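**Q** Sharing a structure here in structure tokens format.
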Amino acid sequence: MDGAELPNIKRWIVMYPVYINSKKTVAEGRRIGLAKACENPTCAEIGDCCSYLKVPFAIEIDKAYPRDFMQRGRVRVLLKKEDGTLYNSSISSRKQLMLRVAEMVPRHHGRTKKQETASSSSTAAPSNKSGKGGKKRR
């Protein structure tokens, strides 16, 4: 975004990918219902969804989620302008933002390409293992 907005970035809403991850439990950090959550979202996918929703965002790759510090990255989002009006009138809270992003991530263009290549490669590789193994004797 603009350099003028960067000092104010600490006031933006923080959104970790764990918040909308269906593989995580509520104790591990998921904040929305399991039926509405998506599987293993990334910061880049969340950022793309925010840009589609026309909401200012900033991706912080070097930050980690405190409960799971191996999970790298978070997204900072600004919902309201300085005068208090919303950037996107359909998103007024962080919960609504999480729900909207979680429903958009499975339809992300990078994710659909990955699924097409994975399904074609998994059917093309037949296994030639005989299955007759056992304990080797000395």
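By order in the structure tokens, chains are A, B, ...; within a chain, residues start at 1; ligands start at 1, following the order shown.
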Compile the contact shell of stretch 92-100 of chain A as a PyMOL selection string: residues with an atom at most 7 Å away, counting only C-alpha atoms, same-chain residues fewer than 6 positions apart removed.
**A** chain A and resi 20+36+79+86
**Q** For A:Leu53, work out the shell of residues within 9 Å, counting only C-alpha atoms and skipping chain neighbours fewer than 6 positions away, then give it as a ChimeraX atom specification.
**A** /A:87-88,91,100-101
**Q** Using only C-alpha atoms, can you tell me which of A:Asn21, A:Val75, A:Glu45, A:Ala58 comes closest to A:Thr112?
**A** A:Glu45
**Q** To one decimal in Å, tell me the separation between atom CA of A:Ala64 and atom CA of A:Ser51.
**A** 22.1 Å
**Q** Nearest residue to A:Pro56 out of A:Ala102, A:Ile13, A:Arg72, A:Arg30, using only C-alpha atoms?
**A**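 The answer is A:Ile13, which sits nearest to A:Pro56.
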**Q** Go through chain A and collect every residue that DSSP, computed from the backbone, puts in helix (DSSP H, G or I); the answer should be as a short mmCIF file (atom, residue, chain, number, x, y, z; two decimals) with C-alpha atoms, in the first residue's frame.
**A**
data_model
loop_
_atom_site.label_atom_id
_atom_site.label_comp_id
_atom_site.auth_asym_id
_atom_site.auth_seq_id
_atom_site.Cartn_x
_atom_site.Cartn_y
_atom_site.Cartn_z
CA LEU A 6 2.49 2.05 6.89
CA PRO A 7 3.06 3.72 10.31
CA ASN A 8 -0.66 3.27 11.01
CA ILE A 9 -0.59 -0.45 10.10
CA LYS A 10 -0.37 -1.49 13.77
CA ARG A 11 -3.99 -0.37 14.20
CA PRO A 17 -4.62 -18.32 8.43
CA VAL A 18 -5.28 -20.55 11.47
CA TYR A 19 -8.47 -18.55 12.18
CA ILE A 20 -10.21 -20.04 9.10
CA CYS A 43 -1.49 -15.72 3.56
CA ALA A 44 -1.27 -15.14 -0.19
CA GLU A 45 -4.74 -16.62 -0.75
CA ILE A 46 -6.18 -14.49 2.06
CA GLY A 47 -4.48 -11.42 0.57
CA ASP A 48 -5.93 -12.15 -2.88
CA CYS A 49 -9.40 -12.48 -1.35
CA CYS A 50 -8.98 -9.15 0.44
CA SER A 51 -7.94 -7.44 -2.78
CA TYR A 52 -10.99 -8.95 -4.53
CA ARG A 94 -13.66 -9.18 11.58
CA LYS A 95 -16.00 -12.18 11.92
CA GLN A 96 -17.77 -11.26 8.65
CA LEU A 97 -14.37 -10.82 7.01
CA MET A 98 -13.27 -14.29 8.14
CA LEU A 99 -16.48 -15.87 6.85
CA ARG A 100 -16.25 -14.14 3.45
CA VAL A 101 -12.56 -15.01 3.00
CA ALA A 102 -13.15 -18.63 4.09
CA GLU A 103 -15.87 -19.08 1.46
CA MET A 104 -13.66 -17.52 -1.25
CA VAL A 105 -10.37 -19.37 -0.58
CA PRO A 106 -11.51 -22.79 -1.94
CA ARG A 107 -12.41 -21.07 -5.24
CA HIS A 109 -7.42 -19.64 -8.89
CA GLY A 110 -4.15 -21.07 -7.54
CA ARG A 111 -6.01 -23.71 -5.56
CA THR A 112 -8.13 -24.93 -8.49
CA LYS A 113 -5.01 -25.32 -10.67
CA LYS A 114 -3.31 -27.39 -7.95
CA GLN A 115 -6.31 -29.74 -7.70
CA GLU A 116 -6.44 -30.30 -11.48
CA THR A 117 -2.74 -31.22 -11.69
CA ALA A 118 -2.92 -33.43 -8.59
CA SER A 119 -5.89 -35.42 -9.90
CA SER A 120 -4.29 -36.03 -13.30
CA SER A 121 -0.90 -37.08 -11.88
CA SER A 122 -2.32 -39.44 -9.25
CA THR A 123 -4.22 -41.54 -11.83
CA ALA A 124 -1.31 -41.71 -14.26
#
**Q** What is the distance between atom CA of A:Gln71 and atom CA of A:Lys23, in Å to one decimal?
**A**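 Distance reported for this atom pair: 12.9 Å.
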**Q** Run DSSP on the backbone of this structure and report the residues of chain A it assigns to strand (DSSP E or B), as a list of chain:residue names.
**A**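 Here is the list: A:Ile13, A:Val14, A:Met15, A:Asn21, A:Cys38, A:Phe57, A:Ala58, A:Ile59, A:Glu60, A:Ile61, A:Asp62, A:Lys63, A:Ala64, A:Tyr65, A:Asp68, A:Phe69, A:Met70, A:Gln71, A:Arg72, A:Gly73, A:Arg74, A:Val75, A:Arg76, A:Val77, A:Lys80, A:Leu86.
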**Q** Atom CA of A:Lys63 and atom CA of A:Gly84, how far apart in Å?
**A**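 Atom-to-atom, atom CA of A:Gly84 to atom CA of A:Lys63, that is 28.0 Å.
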**Q** Taking only C-alpha atoms into account, name the residue in A:Val14, A:Ser90, A:Arg74, A:Ser22 that is nearest to A:Ala35.
**A** A:Ser22
